[in-house]
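See below for the structure under consideration.
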There are 2 protein chains.
Amino acid sequence: MRDADLCITGGTLLLMDEAEQVIHDGAVVTKGDTIVAVGGSDDINNTWRAGRTIDARNCLVMPGLVNAHTHAAMTCFRGISDDRELMDWLNNYIFPAEAKNVDPELAYWGTLLACAEMIRSGTTTFCDMYLFEDETARAASEAGMRCLAGEGLFDFPSPNAKTPDEGLAYTRMLLEKWAGHSLISVAVEPHSLYTCSPQLLKKAKALADEYNASLAVHLLENPQEKTSLEEKFGMRATAFLRDIGLLDDRFFAFHCVAVDEEDIDILADHGCKVVHNPESNMKLASGIAPITAMLERGIIVGLGTDGAASNNNLDMFQEMDTAAKLEKVGRLDPTVMPATTVTRMATRHGAAVLGMDHLTGSIEPGEKADIILIDMDKPHLTPLYNEYSHLVYAVNGDDVITSIINGKIVMEERQLLTIDETAVMNRVRSIAERIRTSLAT
Amino acid sequence: MRDADLCITGGTLLLMDEAEQVIHDGAVVTKGDTIVAVGGSDDINNTWRAGRTIDARNCLVMPGLVNAHTHAAMTCFRGISDDRELMDWLNNYIFPAEAKNVDPELAYWGTLLACAEMIRSGTTTFCDMYLFEDETARAASEAGMRCLAGEGLFDFPSPNAKTPDEGLAYTRMLLEKWAGHSLISVAVEPHSLYTCSPQLLKKAKALADEYNASLAVHLLENPQEKTSLEEKFGMRATAFLRDIGLLDDRFFAFHCVAVDEEDIDILADHGCKVVHNPESNMKLASGIAPITAMLERGIIVGLGTDGAASNNNLDMFQEMDTAAKLEKVGRLDPTVMPATTVTRMATRHGAAVLGMDHLTGSIEPGEKADIILIDMDKPHLTPLYNEYSHLVYAVNGDDVITSIINGKIVMEERQLLTIDETAVMNRVRSIAERIRTSLAT
């Protein structure tokens with residue numbers, strides 16, 4: 001017998017490895033932060049002696065989900081303004097509310113609240129872009145979540161940086177400070193091509209290259225952005241990015257709704273990756289991203305909720321459902337984006353987008369132990385013919401019962417173990433009171 | 001002091017009456033099956049003495065949701081086949097599975113399972129179309145749910161009726177048997193214009209008129225149906241329905257995806273009503289129904305999940321979210337279908353579609369007590385700026401904590417009081433085993 005820390009036994013395993021194996025009555029063994037064995041329960045129980053065993057009968061056991069694009073601290077602005085034109089929403093509600101209120105306190109507590117919600121709904125890794133990202137990283141690490149953090153960079157002053165160079169210096173500080181951390185990585189994140197000069201974009205790329213970091217940006221979120229960027233650059237935005245040297249396999253882009261075949265070719269040719277945000281794209285009426293075309297061209301696509309102000313929750317299971325259904329109705333073809341494809345986007349491929357597929361996104365020996373258990377003994381998940389179908393079309397976040405990140409149990413039987421959620425909710429409510437007051441004056 | 005049975009006090013009330021009042025720290029009083037008073041908690045507590053009080057602090061209190069189109073017993077086929085062309089799905093999976101397996105046992109247990117799921121996610125009233133609807137009605141009445149039941153009528157034999165006339169006779173039996181029942185009503189439900197002859201449609205209408213019942217039908221679910229019906233009738237389907245006398249204010253239609261301006265005019269001119277099923281329309285790639293155009297023309301539109309084989313859950317909160325977002329992206333306008341409109345569709349207007357707005361769909365003295373409590377003290381519902389926004393964009397079915405139908409508590413603190421859900425799930429699993437076996441041979 002070999003010794004281990006934790007054995008999760010008796011469940012149906014969806015490994016989400018390259019072969020996408022499903023093991024009925026399977027077991028996963030972890031030691032420290034790492035998965036050390038996967039197999040049938042009997043074989044595992046005959047080989048391993050674990051300090052702790054979790055009975056996963058009636059459960060699906062799968063890799064924790066990867067929310068590949070969000071603005072975690074924007075939970076503080078959840079539902080503050082809906083059903084408005086994008087530019088009205090941004091310029092008259094979100095930007096003023098942010099300018100007056102975003103500070104380290106909001107970034108920290110808003111992120112902790114987002115972590116509580118994300119852990120409760122099966123997410124174990126998220127990619128963030130916001131302000132005061134050192135607070136985001138601190139909150140995520142305290143919550144025990146895996147996070148790729150990145151300070152949003154702009155030409156204009158942000159609450160955290162008076163100049164673009166200050167934003168870059170702050171990002172460099174993050175890259176230095178969090179280097180080697182077991183949960184936190186840092187990306188360089190210029191906000192978008194309509195808020196960042198070519199000079200800022202190039203400096204951002206140089207910084208990313210210096211640290212071998214990813215570079216991520218909002219790109220072509222809607223047709224208006226496509227048109228205005230083409231006017232600004234005298235060429236398509238993707239060609240511009242290529243020409244200034246930003247595109248490579250450490251580049252990934254959020255949204256990509258208004259991309260055409262040539263854009264897709266340019267992104268694919270450079271090994272770039274994409275994050276799909278269907279619920280936000282629907283709510284803001286941005287359009288339907290041509291995901292099937294991207295997948296056919298070999299682009300690796302992840303899935304993200306976007307921030308809570310444009311969704312308005314961070315439930316990746318609902319996002320998976322919507323991703324499948326939106327693609328079908330958008331292309332008038334019910335066979336596109338089947339459940340397996342969507343599950344892959346939310347796990348292994350999401351991790352690959354973030355440059356983390358060696359760490360998370362699948363259940364395989366050697367990967368970090370980022371694992372969730374979904375309780376299938378529920379009316380809305382009965383009967384069960386096909387696991388992937390249920391995951392995408394019937395499960396919701398509340399069905400996740402236990403979550404393990406980096407080998408540590410962060411939620412058990414729906415109880416959060418790393419976050420005092422009552423304290424966090426109360427703190428965010430008082431921040432919301434301040435926001436409400438600031439907007440009334 | 002006046003005596004009552006139940007007082008729900010301290011919550012935020014969304015009345016969904018004509019004025020759509022919101023009362024903070026409000027209370028609702030019920031006596032027998034009826035709401036007898038609504039107001040501020042202090043006023044109510046000074047006037048009424050109730051046998052039982054429910055503390056609704058931190059809760060939204062609103063009318064139970066109306067699922068205006070489902071096939072409840074199809075929970076037995078949940079996830080049996082997805083990601084397929086509609087006709088492949090129907091002809092090679094659903095219809096054969098149904099022909100071999102639908103019987104009174106499946107209808108009864110499948111409906112009970114659906115009732116468990118619907119109560120758990122805030123639905124208190126549903127409109128059903130399936131086979132052996134006497135079993136559906138029996139299951140719904142035992143579960144304590146309000147139900148408008150209707151046997152699906154076809155030209156061809158169904159598992160319950162060898163001929164169209166047998167189907168009509170069965171419907172007449174239902175109308176007689178359930179007349180005057182406190183929870184169950186019966187509608188006449190020819191399946192569609194592509195499965196029912198003009199003669200069957202006219203007989204169905206005569207039967208509906210004889211009992212002053214509603215008549216409901218699947219209509220123009222996708223563009224292919226529109227084209228083929230126009231070829232069959234030599235005119236548009238809505239004009240054909242008008243000419244054979246089916247259209248009046250007791251007529252309502254499911255889906256209505258492929259309707260144009262003239263169809264909408266015809267339906268509106270006759271006071272017809274429509275049920276929108278956005279998730280099913282997306283999953284089956286049917287298209288996007290022009291709901292805003294219908295609303296602008298004054299058509300009353302309800303909301304439904306459709307059956308669990310094409311959704312694949314019966315969560316009306318997810319359906320509300322999708323209804324809002326799909327309309328926005330479909331029209332490329334984020335201002336259409338705001339949260340208040342969607343909430344109205346899922347409550348008061350849904351009830352009006354079913355001819356039940358004198359009974360349910362709002363919290364008003366004189367209405368039946370169909371009331372749900374939603375626990376808002378959760379991370380994904382924090383902070384709270386606007387109740388309607390949270391209902392549509394952030395709440396999901398699991399947030400419903402307590403449900404009251406016709407004055408009776410059917411779920412309390414997430415425990416079902418009218419259904420033994422373990423027994424129901426086990427029974428449906430054994431039915432699913434039979435279905436699986438039947439398809440393998």
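Quick note on naming: the chains in the structure tokens go A, B, ... in the order shown, residues restart at 1 in each chain, and ligands are numbered from 1 in order of appearance.
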Per residue of chain B within 6 Å of chain A, record the nearest atom pair and its distance in Å to one decimal, counting only C-alpha atoms, with rows in chain order and ascending residue number, as CSV.
residue,atom,partner,partner_atom,distance
B:Gly79,CA,A:Ser389,CA,5.8
B:Ile80,CA,A:Tyr385,CA,5.6
B:Asp83,CA,A:Thr335,CA,4.5
B:Arg84,CA,A:Thr335,CA,4.9
B:Glu85,CA,A:Pro334,CA,5.6
B:Glu117,CA,A:His380,CA,5.5
B:Met282,CA,A:Val329,CA,4.7
B:Lys283,CA,A:Lys325,CA,4.8
B:Leu284,CA,A:Pro334,CA,5.2
B:Ala285,CA,A:Val329,CA,4.2
B:Gly287,CA,A:Val329,CA,5.6
B:Asn312,CA,A:Tyr393,CA,5.2
B:Asn313,CA,A:Ala394,CA,5.2
B:Lys325,CA,A:Lys283,CA,4.8
B:Lys328,CA,A:Ala285,CA,5.2
B:Val329,CA,A:Ala285,CA,4.2
B:Leu332,CA,A:Ala285,CA,4.7
B:Asp333,CA,A:Ala285,CA,5.5
B:Pro334,CA,A:Ala285,CA,5.1
B:Thr335,CA,A:Asp83,CA,4.5
B:Pro338,CA,A:Asp83,CA,5.5
B:Pro379,CA,A:Glu117,CA,5.5
B:His380,CA,A:Glu117,CA,5.5
B:Pro383,CA,A:Arg429,CA,5.4
B:Tyr385,CA,A:Ile80,CA,5.6
B:Ser389,CA,A:Gly79,CA,5.8
B:Tyr393,CA,A:Asn312,CA,5.2
B:Ala394,CA,A:Asn313,CA,5.2
B:Arg429,CA,A:Pro383,CA,5.4
- prompt: If you run DSSP on this backbone, which residues of segment 297-437 of chain A come out as strand (DSSP E), and could you give them as a ChimeraX atom specification?
  reply: /A:301-303,371-375,400-405,408-412,415-416
Based on the selection just made, write C-alpha atoms of those residues as a PDB file, in the first residue's frame.
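Once everything was written out, this is selection15.pdb:
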ATOM      1  CA  VAL A 301     -11.452  28.583 -27.039  1.00  0.00           C
ATOM      2  CA  GLY A 302     -12.207  28.925 -23.334  1.00  0.00           C
ATOM      3  CA  LEU A 303     -15.345  30.133 -21.626  1.00  0.00           C
ATOM      4  CA  ILE A 371     -11.504  18.738  -8.503  1.00  0.00           C
ATOM      5  CA  ILE A 372     -15.238  19.230  -8.002  1.00  0.00           C
ATOM      6  CA  LEU A 373     -17.990  16.811  -6.976  1.00  0.00           C
ATOM      7  CA  ILE A 374     -21.503  17.279  -8.370  1.00  0.00           C
ATOM      8  CA  ASP A 375     -24.403  15.679  -6.516  1.00  0.00           C
ATOM      9  CA  VAL A 400     -21.653  21.315  -6.836  1.00  0.00           C
ATOM     10  CA  ILE A 401     -21.288  19.870  -3.378  1.00  0.00           C
ATOM     11  CA  THR A 402     -17.546  19.716  -2.707  1.00  0.00           C
ATOM     12  CA  SER A 403     -14.586  21.503  -4.237  1.00  0.00           C
ATOM     13  CA  ILE A 404     -10.878  20.876  -3.948  1.00  0.00           C
ATOM     14  CA  ILE A 405      -8.242  23.311  -5.188  1.00  0.00           C
ATOM     15  CA  LYS A 408      -7.093  21.539  -0.365  1.00  0.00           C
ATOM     16  CA  ILE A 409     -10.822  21.168   0.317  1.00  0.00           C
ATOM     17  CA  VAL A 410     -12.295  24.656  -0.056  1.00  0.00           C
ATOM     18  CA  MET A 411     -15.969  23.645   0.054  1.00  0.00           C
ATOM     19  CA  GLU A 412     -17.466  20.539   1.633  1.00  0.00           C
ATOM     20  CA  GLN A 415     -19.966  24.777   3.361  1.00  0.00           C
ATOM     21  CA  LEU A 416     -17.187  27.156   2.378  1.00  0.00           C
TER      22      LEU A 416
END
Who sits within 8 Å of Asn277 of chain B, only C-alpha atoms, same chain under 4 positions skipped, as an MDAnalysis selection string: chainID B and resid 69 254:255 281 303:306 319 323
Serialized selection, C-alpha atoms, as a PDB file, in the first residue's frame:
ATOM      1  CA  HIS B  69     -45.747  25.200 -21.733  1.00  0.00           C
ATOM      2  CA  PHE B 254     -46.693  27.542 -28.150  1.00  0.00           C
ATOM      3  CA  HIS B 255     -43.416  28.735 -29.724  1.00  0.00           C
ATOM      4  CA  ASN B 281     -35.983  27.184 -29.436  1.00  0.00           C
ATOM      5  CA  LEU B 303     -43.095  31.842 -20.737  1.00  0.00           C
ATOM      6  CA  GLY B 304     -42.495  28.097 -20.702  1.00  0.00           C
ATOM      7  CA  THR B 305     -39.624  25.666 -20.446  1.00  0.00           C
ATOM      8  CA  ASP B 306     -40.972  23.124 -22.939  1.00  0.00           C
ATOM      9  CA  GLU B 319     -35.790  30.578 -18.715  1.00  0.00           C
ATOM     10  CA  ALA B 323     -35.714  35.150 -22.532  1.00  0.00           C
TER      11      ALA B 323
END
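Atom CA of Glu262 of chain A to atom CA of His218 of chain A spans 18.3 Å [interatomic distance, one decimal].
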DSSP-assigned alpha helix (DSSP H) among segment 20-234 of chain A, expressed as a PyMOL selection string: chain A and resi 41-47+86-89+95-101+104-120+133-143+164-177+198-211+223-233
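Interatomic distance, atom CA of Ile363 of chain A against atom CA of Thr12 of chain A: 12.3 Å.
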Segment 150-160 of chain A surroundings by only C-alpha atoms, 10 Å radius, close-in-sequence under 2 positions cut, as a ChimeraX atom specification: /A:71,98-104,127-134,136-137,147-148,162-168,170-172,174-175,185-201,204,214-217
- prompt: Residues at most 9 Å from Pro365 of chain B, counting only C-alpha atoms, excluding those fewer than 5 positions away in the same chain, as a PyMOL selection string?
  reply: chain B and resi 28-30+34-38
Residue subset to file, keeping N, CA and C atoms, as a PDB file, in the first residue's frame:
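Writing done, so here's out-v7.pdb:
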ATOM      1  N   VAL B  28     -48.032  39.319   3.743  1.00  0.00           N
ATOM      2  CA  VAL B  28     -49.169  38.753   3.022  1.00  0.00           C
ATOM      3  C   VAL B  28     -49.901  37.836   3.993  1.00  0.00           C
ATOM      4  N   VAL B  29     -51.213  37.920   3.998  1.00  0.00           N
ATOM      5  CA  VAL B  29     -52.029  37.083   4.876  1.00  0.00           C
ATOM      6  C   VAL B  29     -52.920  36.196   4.029  1.00  0.00           C
ATOM      7  N   THR B  30     -52.996  34.916   4.397  1.00  0.00           N
ATOM      8  CA  THR B  30     -53.861  33.994   3.657  1.00  0.00           C
ATOM      9  C   THR B  30     -54.829  33.310   4.618  1.00  0.00           C
ATOM     10  N   THR B  34     -56.900  31.346  -0.038  1.00  0.00           N
ATOM     11  CA  THR B  34     -56.990  32.683  -0.634  1.00  0.00           C
ATOM     12  C   THR B  34     -56.131  33.715   0.102  1.00  0.00           C
ATOM     13  N   ILE B  35     -55.619  34.664  -0.663  1.00  0.00           N
ATOM     14  CA  ILE B  35     -54.934  35.827  -0.077  1.00  0.00           C
ATOM     15  C   ILE B  35     -55.999  36.791   0.429  1.00  0.00           C
ATOM     16  N   VAL B  36     -55.896  37.177   1.709  1.00  0.00           N
ATOM     17  CA  VAL B  36     -56.919  38.069   2.260  1.00  0.00           C
ATOM     18  C   VAL B  36     -56.393  39.474   2.565  1.00  0.00           C
ATOM     19  N   ALA B  37     -55.078  39.625   2.676  1.00  0.00           N
ATOM     20  CA  ALA B  37     -54.563  40.970   2.935  1.00  0.00           C
ATOM     21  C   ALA B  37     -53.104  41.067   2.513  1.00  0.00           C
ATOM     22  N   VAL B  38     -52.735  42.271   2.080  1.00  0.00           N
ATOM     23  CA  VAL B  38     -51.364  42.577   1.676  1.00  0.00           C
ATOM     24  C   VAL B  38     -51.050  43.975   2.188  1.00  0.00           C
TER      25      VAL B  38
END
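Atom CA of Ala140 of chain A sits 23.1 Å away from atom CA of Val61 of chain A.
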field: Spatial neighbours of Val22 of chain A, 8 Å, only C-alpha atoms, chain gap at least 5 places, as a ChimeraX atom specification
entry: /A:12-15
Take the selection from the previous step and output its residues with N, CA and C atoms, as a PDB file, in the first residue's frame.
ATOM      1  N   THR A  12     -18.596   8.789 -10.578  1.00  0.00           N
ATOM      2  CA  THR A  12     -18.328   8.703 -12.007  1.00  0.00           C
ATOM      3  C   THR A  12     -17.336   9.803 -12.351  1.00  0.00           C
ATOM      4  N   LEU A  13     -16.169   9.402 -12.864  1.00  0.00           N
ATOM      5  CA  LEU A  13     -15.119  10.372 -13.170  1.00  0.00           C
ATOM      6  C   LEU A  13     -15.194  10.821 -14.619  1.00  0.00           C
ATOM      7  N   LEU A  14     -15.242  12.115 -14.815  1.00  0.00           N
ATOM      8  CA  LEU A  14     -15.045  12.695 -16.144  1.00  0.00           C
ATOM      9  C   LEU A  14     -13.652  13.308 -16.128  1.00  0.00           C
ATOM     10  N   LEU A  15     -12.708  12.613 -16.733  1.00  0.00           N
ATOM     11  CA  LEU A  15     -11.313  13.031 -16.564  1.00  0.00           C
ATOM     12  C   LEU A  15     -10.982  14.297 -17.336  1.00  0.00           C
TER      13      LEU A  15
END
task: Show which residues sit within 8 Å of Arg49 of chain B, as a VMD selection string. Count only C-alpha atoms, and ignore same-chain residues fewer than 5 positions away.
output: chain B and resid 1 to 4
